[in-house]
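The data block below is model.json; it holds JSON, C-alpha atoms.
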```json
[["chain", "number", "residue", "atom", "x", "y", "z"],
["A", 682, "MET", "CA", -57.46, 18.45, -137.32],
["A", 683, "GLU", "CA", -56.12, 21.12, -134.99],
["A", 684, "LYS", "CA", -52.63, 19.75, -135.59],
["A", 685, "VAL", "CA", -50.40, 21.81, -137.86],
["A", 686, "MET", "CA", -49.89, 20.49, -141.37],
["A", 687, "THR", "CA", -46.19, 19.62, -141.39],
["A", 688, "PRO", "CA", -44.22, 19.81, -144.67],
["A", 689, "ILE", "CA", -44.14, 16.00, -144.70],
["A", 690, "TRP", "CA", -47.93, 15.84, -144.50],
["A", 691, "ILE", "CA", -48.28, 18.44, -147.24],
["A", 692, "ALA", "CA", -45.82, 16.57, -149.48],
["A", 693, "THR", "CA", -47.59, 13.26, -148.81],
["A", 694, "LEU", "CA", -51.12, 14.46, -149.50],
["A", 695, "VAL", "CA", -50.53, 16.98, -152.28],
["A", 696, "THR", "CA", -48.25, 14.68, -154.33],
["A", 697, "SER", "CA", -50.76, 11.85, -153.91],
["A", 698, "PHE", "CA", -53.55, 14.11, -155.10],
["A", 699, "ILE", "CA", -51.66, 15.49, -158.11],
["A", 700, "CYS", "CA", -50.46, 12.04, -159.17],
["A", 701, "PHE", "CA", -54.00, 10.67, -158.97],
["A", 702, "VAL", "CA", -55.35, 13.56, -161.04],
["A", 703, "LEU", "CA", -52.61, 12.90, -163.64],
["A", 704, "LYS", "CA", -53.64, 9.24, -163.79],
["A", 705, "LEU", "CA", -57.31, 10.14, -164.15],
["A", 706, "LEU", "CA", -56.60, 12.80, -166.79],
["A", 707, "GLY", "CA", -55.11, 10.07, -168.97],
["A", 708, "TYR", "CA", -58.51, 8.37, -169.01],
["A", 709, "SER", "CA", -60.43, 11.58, -169.57],
["A", 710, "LEU", "CA", -58.51, 13.30, -172.35],
["A", 711, "PRO", "CA", -58.63, 12.33, -176.01],
["A", 712, "GLU", "CA", -55.57, 10.31, -176.96],
["A", 713, "SER", "CA", -54.52, 12.84, -179.62],
["A", 714, "ILE", "CA", -53.85, 15.66, -177.13],
["A", 715, "LEU", "CA", -50.72, 14.30, -175.53],
["A", 716, "ASN", "CA", -49.89, 11.49, -177.86],
["A", 717, "LYS", "CA", -47.33, 13.44, -179.87],
["A", 718, "PRO", "CA", -43.86, 12.03, -180.59],
["A", 719, "ILE", "CA", -42.11, 14.94, -178.88],
["A", 720, "VAL", "CA", -44.20, 14.47, -175.72],
["A", 721, "GLN", "CA", -43.43, 10.75, -175.79],
["A", 722, "ARG", "CA", -39.71, 11.38, -176.17],
["A", 723, "ILE", "CA", -39.50, 13.96, -173.40],
["A", 724, "ASN", "CA", -41.72, 11.83, -171.19],
["A", 725, "SER", "CA", -39.45, 8.82, -171.53],
["A", 726, "LEU", "CA", -36.42, 10.96, -170.60],
["A", 727, "ILE", "CA", -37.95, 12.74, -167.57],
["A", 728, "PRO", "CA", -37.75, 9.73, -165.23],
["A", 729, "ILE", "CA", -34.17, 9.08, -166.39],
["A", 730, "ALA", "CA", -33.07, 12.65, -165.61],
["A", 731, "LEU", "CA", -34.87, 12.87, -162.24],
["A", 732, "LEU", "CA", -33.90, 9.41, -161.01],
["A", 733, "SER", "CA", -30.26, 9.91, -162.04],
["A", 734, "ALA", "CA", -30.23, 13.25, -160.22],
["A", 735, "LEU", "CA", -31.67, 11.52, -157.16],
["A", 736, "VAL", "CA", -29.00, 8.80, -157.31],
["A", 737, "ALA", "CA", -26.27, 11.46, -157.46],
["A", 738, "VAL", "CA", -27.64, 13.75, -154.76],
["A", 739, "GLN", "CA", -28.50, 10.92, -152.37],
["A", 740, "THR", "CA", -25.08, 9.34, -152.87],
["A", 741, "PHE", "CA", -22.90, 12.43, -152.58],
["A", 742, "GLY", "CA", -25.00, 15.20, -151.06],
["A", 743, "ILE", "CA", -25.01, 16.18, -147.41],
["A", 744, "ASP", "CA", -27.09, 19.29, -146.91],
["A", 745, "LYS", "CA", -25.37, 21.76, -149.22],
["A", 746, "SER", "CA", -22.07, 19.98, -149.68],
["A", 747, "VAL", "CA", -20.93, 17.14, -151.88],
["A", 748, "GLN", "CA", -18.79, 14.46, -150.32],
["A", 749, "ILE", "CA", -17.57, 10.91, -150.87],
["A", 750, "ASP", "CA", -18.31, 8.50, -148.03],
["A", 751, "HIS", "CA", -19.61, 5.02, -147.20],
["A", 752, "ARG", "CA", -22.77, 5.60, -149.27],
["A", 753, "LEU", "CA", -20.77, 5.57, -152.51],
["A", 754, "ALA", "CA", -19.42, 2.11, -151.68],
["A", 755, "GLY", "CA", -23.01, 0.90, -151.18],
["A", 756, "VAL", "CA", -24.18, 2.41, -154.47],
["A", 757, "VAL", "CA", -21.21, 0.99, -156.41],
["A", 758, "VAL", "CA", -22.02, -2.46, -155.03],
["A", 759, "ALA", "CA", -25.66, -1.89, -156.04],
["A", 760, "GLY", "CA", -24.49, -1.08, -159.58],
["A", 761, "ILE", "CA", -22.43, -4.26, -159.72],
["A", 762, "ALA", "CA", -25.41, -6.25, -158.41],
["A", 763, "LEU", "CA", -27.65, -4.74, -161.09],
["A", 764, "ARG", "CA", -25.03, -5.49, -163.74],
["A", 765, "PHE", "CA", -25.31, -9.14, -162.71],
["A", 766, "LYS", "CA", -29.10, -8.94, -162.81],
["A", 767, "ALA", "CA", -29.68, -9.17, -159.07],
["A", 768, "SER", "CA", -33.29, -8.62, -157.99],
["A", 769, "PHE", "CA", -34.27, -5.25, -156.55],
["A", 770, "PRO", "CA", -34.44, -6.25, -152.85],
["A", 771, "VAL", "CA", -31.16, -8.21, -153.07],
["A", 772, "MET", "CA", -29.45, -5.23, -154.70],
["A", 773, "MET", "CA", -30.71, -2.85, -151.99],
["A", 774, "LEU", "CA", -29.71, -5.26, -149.24],
["A", 775, "LEU", "CA", -26.16, -5.55, -150.63],
["A", 776, "ALA", "CA", -25.92, -1.75, -150.83],
["A", 777, "ALA", "CA", -27.11, -1.39, -147.24],
["A", 778, "ILE", "CA", -24.76, -4.05, -145.89],
["A", 779, "THR", "CA", -21.75, -2.60, -147.70],
["A", 780, "SER", "CA", -22.50, 0.91, -146.51],
["A", 781, "ALA", "CA", -23.22, -0.18, -142.94],
["A", 782, "VAL", "CA", -20.02, -2.22, -142.69],
["A", 783, "ILE", "CA", -17.84, 0.67, -143.93],
["A", 784, "ASN", "CA", -19.72, 3.19, -141.79],
["A", 785, "ASN", "CA", -19.24, 1.08, -138.66],
["A", 786, "LEU", "CA", -15.57, 0.24, -139.25],
["B", 1320, "MET", "CA", -51.98, -15.45, -167.66],
["B", 1321, "LEU", "CA", -52.77, -14.99, -163.97],
["B", 1322, "ARG", "CA", -49.34, -16.51, -163.47],
["B", 1323, "ASP", "CA", -47.77, -13.74, -165.60],
["B", 1324, "SER", "CA", -49.53, -11.13, -163.52],
["B", 1325, "LEU", "CA", -48.53, -12.67, -160.19],
["B", 1326, "ALA", "CA", -44.96, -13.13, -161.44],
["B", 1327, "VAL", "CA", -44.89, -9.34, -161.77],
["B", 1328, "ALA", "CA", -47.02, -8.46, -158.74],
["B", 1329, "ILE", "CA", -45.19, -10.43, -156.06],
["B", 1330, "PRO", "CA", -41.59, -9.29, -156.67],
["B", 1331, "VAL", "CA", -42.68, -5.71, -157.36],
["B", 1332, "GLY", "CA", -44.79, -5.81, -154.22],
["B", 1333, "THR", "CA", -41.79, -6.78, -152.14],
["B", 1334, "TYR", "CA", -40.00, -3.57, -153.24],
["B", 1335, "GLY", "CA", -42.71, -2.01, -151.12],
["B", 1336, "ALA", "CA", -40.76, -3.17, -148.07],
["B", 1337, "ALA", "CA", -37.74, -1.21, -149.32],
["B", 1338, "PHE", "CA", -39.94, 1.83, -149.80],
["B", 1339, "GLY", "CA", -41.44, 1.44, -146.32],
["B", 1340, "ALA", "CA", -37.98, 1.30, -144.77],
["B", 1341, "ALA", "CA", -36.67, 4.24, -146.84],
["B", 1342, "SER", "CA", -39.68, 6.34, -145.92],
["B", 1343, "ILE", "CA", -39.23, 5.77, -142.18],
["B", 1344, "ALA", "CA", -35.51, 6.54, -142.55],
["B", 1345, "ALA", "CA", -36.46, 9.84, -144.21],
["B", 1346, "GLY", "CA", -38.53, 10.83, -141.18],
["B", 1347, "PHE", "CA", -42.03, 9.87, -142.34],
["B", 1348, "SER", "CA", -44.38, 8.18, -139.85],
["B", 1349, "ILE", "CA", -45.81, 4.72, -140.46],
["B", 1350, "LEU", "CA", -49.19, 6.32, -141.26],
["B", 1351, "GLN", "CA", -47.67, 8.76, -143.77],
["B", 1352, "THR", "CA", -45.66, 5.94, -145.33],
["B", 1353, "CYS", "CA", -48.72, 3.74, -145.77],
["B", 1354, "LEU", "CA", -50.80, 6.63, -147.11],
["B", 1355, "LEU", "CA", -48.19, 7.25, -149.81],
["B", 1356, "SER", "CA", -48.50, 3.65, -150.96],
["B", 1357, "LEU", "CA", -52.30, 3.65, -150.74],
["B", 1358, "LEU", "CA", -52.95, 7.06, -152.30],
["B", 1359, "LEU", "CA", -49.94, 7.86, -154.48],
["B", 1360, "PHE", "CA", -49.24, 4.27, -155.55],
["B", 1361, "SER", "CA", -46.37, 4.88, -157.96],
["B", 1362, "GLY", "CA", -42.98, 3.63, -156.81],
["B", 1363, "ALA", "CA", -40.64, 6.19, -158.35],
["B", 1364, "SER", "CA", -42.79, 9.13, -157.21],
["B", 1365, "GLN", "CA", -43.01, 7.71, -153.70],
["B", 1366, "PHE", "CA", -39.25, 7.19, -153.44],
["B", 1367, "ALA", "CA", -38.74, 10.72, -154.78],
["B", 1368, "VAL", "CA", -41.06, 12.31, -152.21],
["B", 1369, "VAL", "CA", -39.34, 10.62, -149.28],
["B", 1370, "GLY", "CA", -35.90, 11.11, -150.84],
["B", 1371, "VAL", "CA", -36.34, 14.87, -151.30],
["B", 1372, "MET", "CA", -37.94, 15.39, -147.87],
["B", 1373, "GLY", "CA", -35.33, 13.17, -146.22],
["B", 1374, "ALA", "CA", -32.55, 15.29, -147.75],
["B", 1375, "GLY", "CA", -34.10, 18.39, -146.21],
["B", 1376, "GLY", "CA", -35.93, 19.61, -149.31],
["B", 1377, "SER", "CA", -39.08, 21.69, -149.17],
["B", 1378, "ALA", "CA", -42.57, 20.25, -149.64],
["B", 1379, "ILE", "CA", -42.77, 22.10, -152.98],
["B", 1380, "SER", "CA", -39.61, 20.38, -154.27],
["B", 1381, "ALA", "CA", -40.93, 17.00, -153.16],
["B", 1382, "ILE", "CA", -44.33, 17.63, -154.75],
["B", 1383, "ALA", "CA", -42.79, 18.85, -158.02],
["B", 1384, "THR", "CA", -40.37, 15.93, -158.32],
["B", 1385, "GLY", "CA", -42.98, 13.31, -157.36],
["B", 1386, "SER", "CA", -45.58, 14.79, -159.71],
["B", 1387, "LEU", "CA", -43.20, 15.00, -162.67],
["B", 1388, "LEU", "CA", -42.37, 11.34, -162.15],
["B", 1389, "GLY", "CA", -46.12, 10.63, -162.03],
["B", 1390, "PHE", "CA", -46.72, 12.34, -165.37],
["B", 1391, "ARG", "CA", -46.00, 9.16, -167.33],
["B", 1392, "ASN", "CA", -48.90, 7.37, -165.62],
["B", 1393, "GLY", "CA", -51.18, 9.87, -167.35],
["B", 1394, "LEU", "CA", -49.69, 8.86, -170.70],
["B", 1395, "TYR", "CA", -50.26, 5.22, -169.77],
["B", 1396, "GLY", "CA", -53.90, 6.14, -169.11],
["B", 1397, "LEU", "CA", -54.19, 7.59, -172.61],
["B", 1398, "LYS", "CA", -52.99, 4.26, -173.93],
["B", 1399, "MET", "CA", -55.19, 2.13, -171.65],
["B", 1400, "ALA", "CA", -58.46, 4.10, -171.94],
["B", 1401, "PRO", "CA", -59.47, 2.79, -175.40],
["B", 1402, "ILE", "CA", -58.64, -0.79, -174.35],
["B", 1403, "LEU", "CA", -60.42, -0.74, -171.00],
["B", 1404, "LYS", "CA", -63.42, 1.41, -172.10],
["B", 1405, "LEU", "CA", -64.56, 2.32, -168.59],
["B", 1406, "ARG", "CA", -66.89, 4.81, -166.95],
["B", 1407, "GLY", "CA", -67.65, 6.02, -163.45],
["B", 1408, "ILE", "CA", -66.12, 4.36, -160.43],
["B", 1409, "LYS", "CA", -64.39, 1.63, -162.46],
["B", 1410, "LYS", "CA", -62.57, 4.33, -164.40],
["B", 1411, "VAL", "CA", -61.42, 5.92, -161.14],
["B", 1412, "ILE", "CA", -60.16, 2.57, -159.82],
["B", 1413, "ALA", "CA", -58.42, 1.74, -163.09],
["B", 1414, "ALA", "CA", -56.75, 5.15, -163.05],
["B", 1415, "GLN", "CA", -55.33, 4.54, -159.58],
["B", 1416, "LEU", "CA", -53.99, 1.14, -160.74],
["B", 1417, "THR", "CA", -52.36, 2.61, -163.87],
["B", 1418, "ILE", "CA", -48.61, 2.24, -163.32],
["B", 1419, "ASP", "CA", -45.57, 0.86, -165.18],
["B", 1420, "GLU", "CA", -46.33, -2.78, -164.35],
["B", 1421, "SER", "CA", -50.09, -2.98, -165.03],
["B", 1422, "THR", "CA", -49.71, -1.07, -168.30],
["B", 1423, "GLY", "CA", -46.68, -3.13, -169.27],
["B", 1424, "VAL", "CA", -48.45, -6.47, -168.79],
["B", 1425, "ALA", "CA", -51.59, -5.18, -170.55],
["B", 1426, "ILE", "CA", -49.57, -4.07, -173.59],
["B", 1427, "GLY", "CA", -47.64, -7.33, -173.54],
["B", 1428, "GLN", "CA", -50.94, -9.23, -173.76],
["B", 1429, "GLU", "CA", -52.25, -7.13, -176.66],
["B", 1430, "PRO", "CA", -51.33, -9.70, -179.34],
["B", 1431, "ARG", "CA", -53.72, -12.13, -177.62],
["B", 1432, "GLY", "CA", -56.59, -9.68, -177.95],
["B", 1433, "GLU", "CA", -58.26, -6.92, -175.93],
["B", 1434, "GLU", "CA", -59.86, -9.34, -173.49],
["B", 1435, "ALA", "CA", -56.44, -10.72, -172.50],
["B", 1436, "SER", "CA", -55.06, -7.20, -172.31],
["B", 1437, "ARG", "CA", -57.83, -6.10, -169.94],
["B", 1438, "TYR", "CA", -57.38, -9.18, -167.79],
["B", 1439, "GLY", "CA", -53.63, -8.58, -167.59],
["B", 1440, "PHE", "CA", -54.16, -4.97, -166.56],
["B", 1441, "TRP", "CA", -56.58, -5.74, -163.74],
["B", 1442, "ALA", "CA", -54.78, -8.82, -162.41],
["B", 1443, "THR", "CA", -51.41, -7.05, -162.35],
["B", 1444, "GLY", "CA", -52.77, -3.74, -161.06],
["B", 1445, "ILE", "CA", -54.73, -5.31, -158.21],
["B", 1446, "GLY", "CA", -51.93, -7.77, -157.43],
["B", 1447, "VAL", "CA", -49.26, -5.08, -157.23],
["B", 1448, "TYR", "CA", -51.56, -2.83, -155.20],
["B", 1449, "VAL", "CA", -52.21, -5.50, -152.59],
["B", 1450, "PHE", "CA", -48.60, -6.68, -152.26],
["B", 1451, "TRP", "CA", -47.10, -3.18, -152.49],
["B", 1452, "ASN", "CA", -49.24, -1.91, -149.63],
["B", 1453, "LEU", "CA", -48.78, -4.99, -147.49],
["B", 1454, "PHE", "CA", -45.00, -4.88, -147.84],
["B", 1455, "THR", "CA", -44.87, -1.11, -147.33],
["B", 1456, "LEU", "CA", -46.40, -1.71, -143.90],
["B", 1457, "PHE", "CA", -43.93, -4.53, -143.13],
["B", 1458, "GLY", "CA", -40.97, -2.44, -144.25],
["B", 1459, "ALA", "CA", -42.10, 0.59, -142.26],
["B", 1460, "ILE", "CA", -42.65, -1.42, -139.07],
["B", 1461, "GLY", "CA", -39.32, -3.18, -139.55],
["B", 1462, "ALA", "CA", -37.41, 0.08, -140.07],
["B", 1463, "GLN", "CA", -39.14, 1.67, -137.08],
["B", 1464, "ALA", "CA", -37.96, -1.26, -134.96],
["B", 1465, "ILE", "CA", -34.27, -1.11, -135.92],
["B", 1466, "GLY", "CA", -33.68, 2.57, -135.10],
["B", 1467, "ASN", "CA", -30.72, 4.55, -136.51],
["B", 1468, "PRO", "CA", -31.06, 4.11, -140.29],
["B", 1469, "SER", "CA", -27.51, 5.15, -141.14],
["B", 1470, "ALA", "CA", -26.00, 2.43, -138.93],
["B", 1471, "TRP", "CA", -27.96, -0.11, -140.97],
["B", 1472, "GLY", "CA", -26.89, 1.29, -144.29],
["B", 1473, "LEU", "CA", -30.31, 2.66, -145.20],
["B", 1474, "ASP", "CA", -28.66, 5.91, -146.30],
["B", 1475, "ALA", "CA", -27.03, 3.96, -149.14],
["B", 1476, "ALA", "CA", -30.07, 1.79, -149.80],
["B", 1477, "VAL", "CA", -32.10, 4.83, -150.88],
["B", 1478, "PRO", "CA", -29.76, 5.96, -153.70],
["B", 1479, "ALA", "CA", -29.40, 2.27, -154.58],
["B", 1480, "ALA", "CA", -33.19, 2.12, -154.96],
["B", 1481, "PHE", "CA", -33.08, 5.05, -157.38],
["B", 1482, "LEU", "CA", -30.28, 3.35, -159.28],
["B", 1483, "GLY", "CA", -32.42, 0.21, -159.51],
["B", 1484, "LEU", "CA", -35.34, 2.27, -160.81],
["B", 1485, "VAL", "CA", -33.32, 4.07, -163.49],
["B", 1486, "TRP", "CA", -31.21, 1.05, -164.55],
["B", 1487, "PRO", "CA", -33.76, -0.67, -166.85],
["B", 1488, "ARG", "CA", -34.42, 2.67, -168.58],
["B", 1489, "LEU", "CA", -30.80, 3.13, -169.68],
["B", 1490, "ILE", "CA", -31.34, 1.34, -172.95],
["B", 1491, "ASP", "CA", -29.27, 3.42, -175.38],
["B", 1492, "ASN", "CA", -26.50, 6.02, -175.55],
["B", 1493, "LYS", "CA", -28.95, 8.90, -175.41],
["B", 1494, "SER", "CA", -30.55, 7.69, -172.20],
["B", 1495, "ARG", "CA", -27.14, 7.10, -170.63],
["B", 1496, "LEU", "CA", -26.00, 10.58, -171.68],
["B", 1497, "VAL", "CA", -29.14, 12.10, -170.14],
["B", 1498, "ALA", "CA", -28.48, 10.15, -166.92],
["B", 1499, "ILE", "CA", -24.88, 11.31, -166.59],
["B", 1500, "THR", "CA", -25.65, 14.92, -167.52],
["B", 1501, "ALA", "CA", -28.53, 15.06, -165.05],
["B", 1502, "ALA", "CA", -26.42, 13.57, -162.26],
["B", 1503, "LEU", "CA", -23.61, 16.10, -162.88],
["B", 1504, "LEU", "CA", -26.00, 19.06, -163.09],
["B", 1505, "ALA", "CA", -27.71, 18.06, -159.85],
["B", 1506, "LEU", "CA", -24.37, 17.77, -158.04],
["B", 1507, "ALA", "CA", -23.17, 21.09, -159.46],
["B", 1508, "LEU", "CA", -26.32, 22.80, -158.17],
["B", 1509, "THR", "CA", -26.27, 21.14, -154.74],
["B", 1510, "PRO", "CA", -24.01, 23.72, -153.04],
["B", 1511, "ILE", "CA", -25.91, 26.72, -154.42],
["B", 1512, "ALA", "CA", -29.59, 25.75, -154.68],
["B", 1513, "PRO", "CA", -32.04, 24.79, -151.90],
["B", 1514, "ALA", "CA", -32.40, 21.03, -151.34],
["B", 1515, "GLY", "CA", -34.66, 19.41, -153.90],
["B", 1516, "VAL", "CA", -34.22, 22.14, -156.52],
["B", 1517, "PRO", "CA", -31.12, 20.53, -158.11],
["B", 1518, "ILE", "CA", -33.25, 17.46, -158.79],
["B", 1519, "ILE", "CA", -36.25, 19.16, -160.41],
["B", 1520, "THR", "CA", -33.96, 21.34, -162.51],
["B", 1521, "THR", "CA", -32.74, 18.27, -164.41],
["B", 1522, "VAL", "CA", -36.12, 18.11, -166.18],
["B", 1523, "VAL", "CA", -34.59, 20.75, -168.45],
["B", 1524, "ILE", "CA", -32.11, 18.10, -169.61],
["B", 1525, "ALA", "CA", -34.95, 15.72, -170.48],
["B", 1526, "VAL", "CA", -36.64, 18.49, -172.48],
["B", 1527, "ILE", "CA", -33.45, 19.47, -174.33],
["B", 1528, "PHE", "CA", -32.51, 15.91, -175.24],
["B", 1529, "GLY", "CA", -36.11, 14.95, -176.06],
["B", 1530, "TRP", "CA", -36.73, 17.98, -178.26],
["B", 1531, "LYS", "CA", -35.16, 16.67, -181.42],
["B", 1532, "LYS", "CA", -35.50, 13.22, -182.88],
["B", 1533, "SER", "CA", -32.98, 10.50, -181.91]]
```
Re-express the file's structure as structure tokens.
Amino acid sequence: MEKVMTPIWIATLVTSFICFVLKLLGYSLPESILNKPIVQRINSLIPIALLSALVAVQTFGIDKSVQIDHRLAGVVVAGIALRFKASFPVMMLLAAITSAVINNL
Amino acid sequence: MLRDSLAVAIPVGTYGAAFGAASIAAGFSILQTCLLSLLLFSGASQFAVVGVMGAGGSAISAIATGSLLGFRNGLYGLKMAPILKLRGIKKVIAAQLTIDESTGVAIGQEPRGEEASRYGFWATGIGVYVFWNLFTLFGAIGAQAIGNPSAWGLDAAVPAAFLGLVWPRLIDNKSRLVAITAALLALALTPIAPAGVPIITTVVIAVIFGWKKS
């Protein structure tokens, strides 16, 4: 492995390792340690906060600026598709098509 | 019951194709993309890692965001451990298969007894693992073949994927309020903080809103 560890490699391997350790810890710790209501409540909100932040930043962010472009149209269509209970791949496909069409106009 | 497990495993597995494509669009190689599905094996964390890196974030930001999203799998493990009662290598394998879907089916089968619950966990976990990895490879190869991701709308498909992941969690006013606050905070921080940091910072919102009851 004389090749330099790129940031992408580091992110890939380290996140994989940490996430596996987290999974294994669940099987190795006594249930009482983390099974507190406050931990449960915060834990259920963490994915909501992070995923919502990711939606926002990936929709509007370009480097360090915030802008409205073809991506928003795709995400709005995705939201409508989800509202009508479209499956995950269909929803993503509709978002991609919408965005691509507007981008290529 | 195998039907229940496959009914979950096959559609979830096909999201793997979306992940594979998103990962390539974010600049990951096919090998790195497949390793994420094989080793990390947790959809939201995987999308977060490629999303943060693709947006120009640092490895630390990607690791922090992906790991925080992986935290809940540990809580699932706490729930599954007394049902599965495993040791050694089987425990290690079960841990790797502990995700939203396998835990969800196992808990759904609980009324039918622990045996059914265990069966549901393994069938769903193994099923999702196989299909998720297979479709990750297909998606990655497909995205590699089409070239410029933005021309194909992949730059909108990635935030759409996150929207699809958060959607089923927005079950009450509190969760919707957390979602909107987090989105606004992340956008407000985007011009001033390094890429990736605006996303991790929103954990604070989860802590604040989760601190007190209801």
- Task: Give as a PyMOL selection string every residue of chain B that touches chain A within 6 Å, counting all atoms listed in the file.
- Result: chain B and resi 1358-1359+1378+1382+1386+1388-1389+1392-1394+1396-1397+1400+1414+1470-1473+1475-1476+1478-1479+1481-1482+1485+1498+1501-1502+1505+1509-1510+1518+1521-1522+1525-1526+1529
- Query: Suppose you want the space between CA of Val1516 (chain B) and CA of Ala1381 (chain B); what is it in Å?
  - Reply: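 So the answer is 9.1 Å.
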- Task: Identify, on the basis of all atoms listed in the file, every residue whose closest approach to region 1327-1336 of chain B does not exceed 6 Å; exclude the query and any residue fewer than 3 positions from it along the same chain; express the result as a list of chain:residue names.
- Result: B:Ser1324, B:Gly1339, B:Thr1443, B:Gly1446, B:Val1447, B:Phe1450, B:Trp1451, B:Phe1454, B:Thr1455, B:Gly1458
Emit the selected residues as a PDB file, in the frame of the given file, including C-alpha atoms.
```
ATOM      1  CA  SER B1324     -49.530 -11.130-163.520  1.00  0.00           C
ATOM      2  CA  GLY B1339     -41.440   1.440-146.320  1.00  0.00           C
ATOM      3  CA  THR B1443     -51.410  -7.050-162.350  1.00  0.00           C
ATOM      4  CA  GLY B1446     -51.930  -7.770-157.430  1.00  0.00           C
ATOM      5  CA  VAL B1447     -49.260  -5.080-157.230  1.00  0.00           C
ATOM      6  CA  PHE B1450     -48.600  -6.680-152.260  1.00  0.00           C
ATOM      7  CA  TRP B1451     -47.100  -3.180-152.490  1.00  0.00           C
ATOM      8  CA  PHE B1454     -45.000  -4.880-147.840  1.00  0.00           C
ATOM      9  CA  THR B1455     -44.870  -1.110-147.330  1.00  0.00           C
ATOM     10  CA  GLY B1458     -40.970  -2.440-144.250  1.00  0.00           C
TER      11      GLY B1458
END
```
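Straight-line separation from CA of Phe1390 (chain B) to CA of Asp1474 (chain B): 27.0 Å.
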- Item | Point-to-point distance in Å for CA of Ile1402 (chain B) and CA of Tyr1438 (chain B) | 10.7 Å
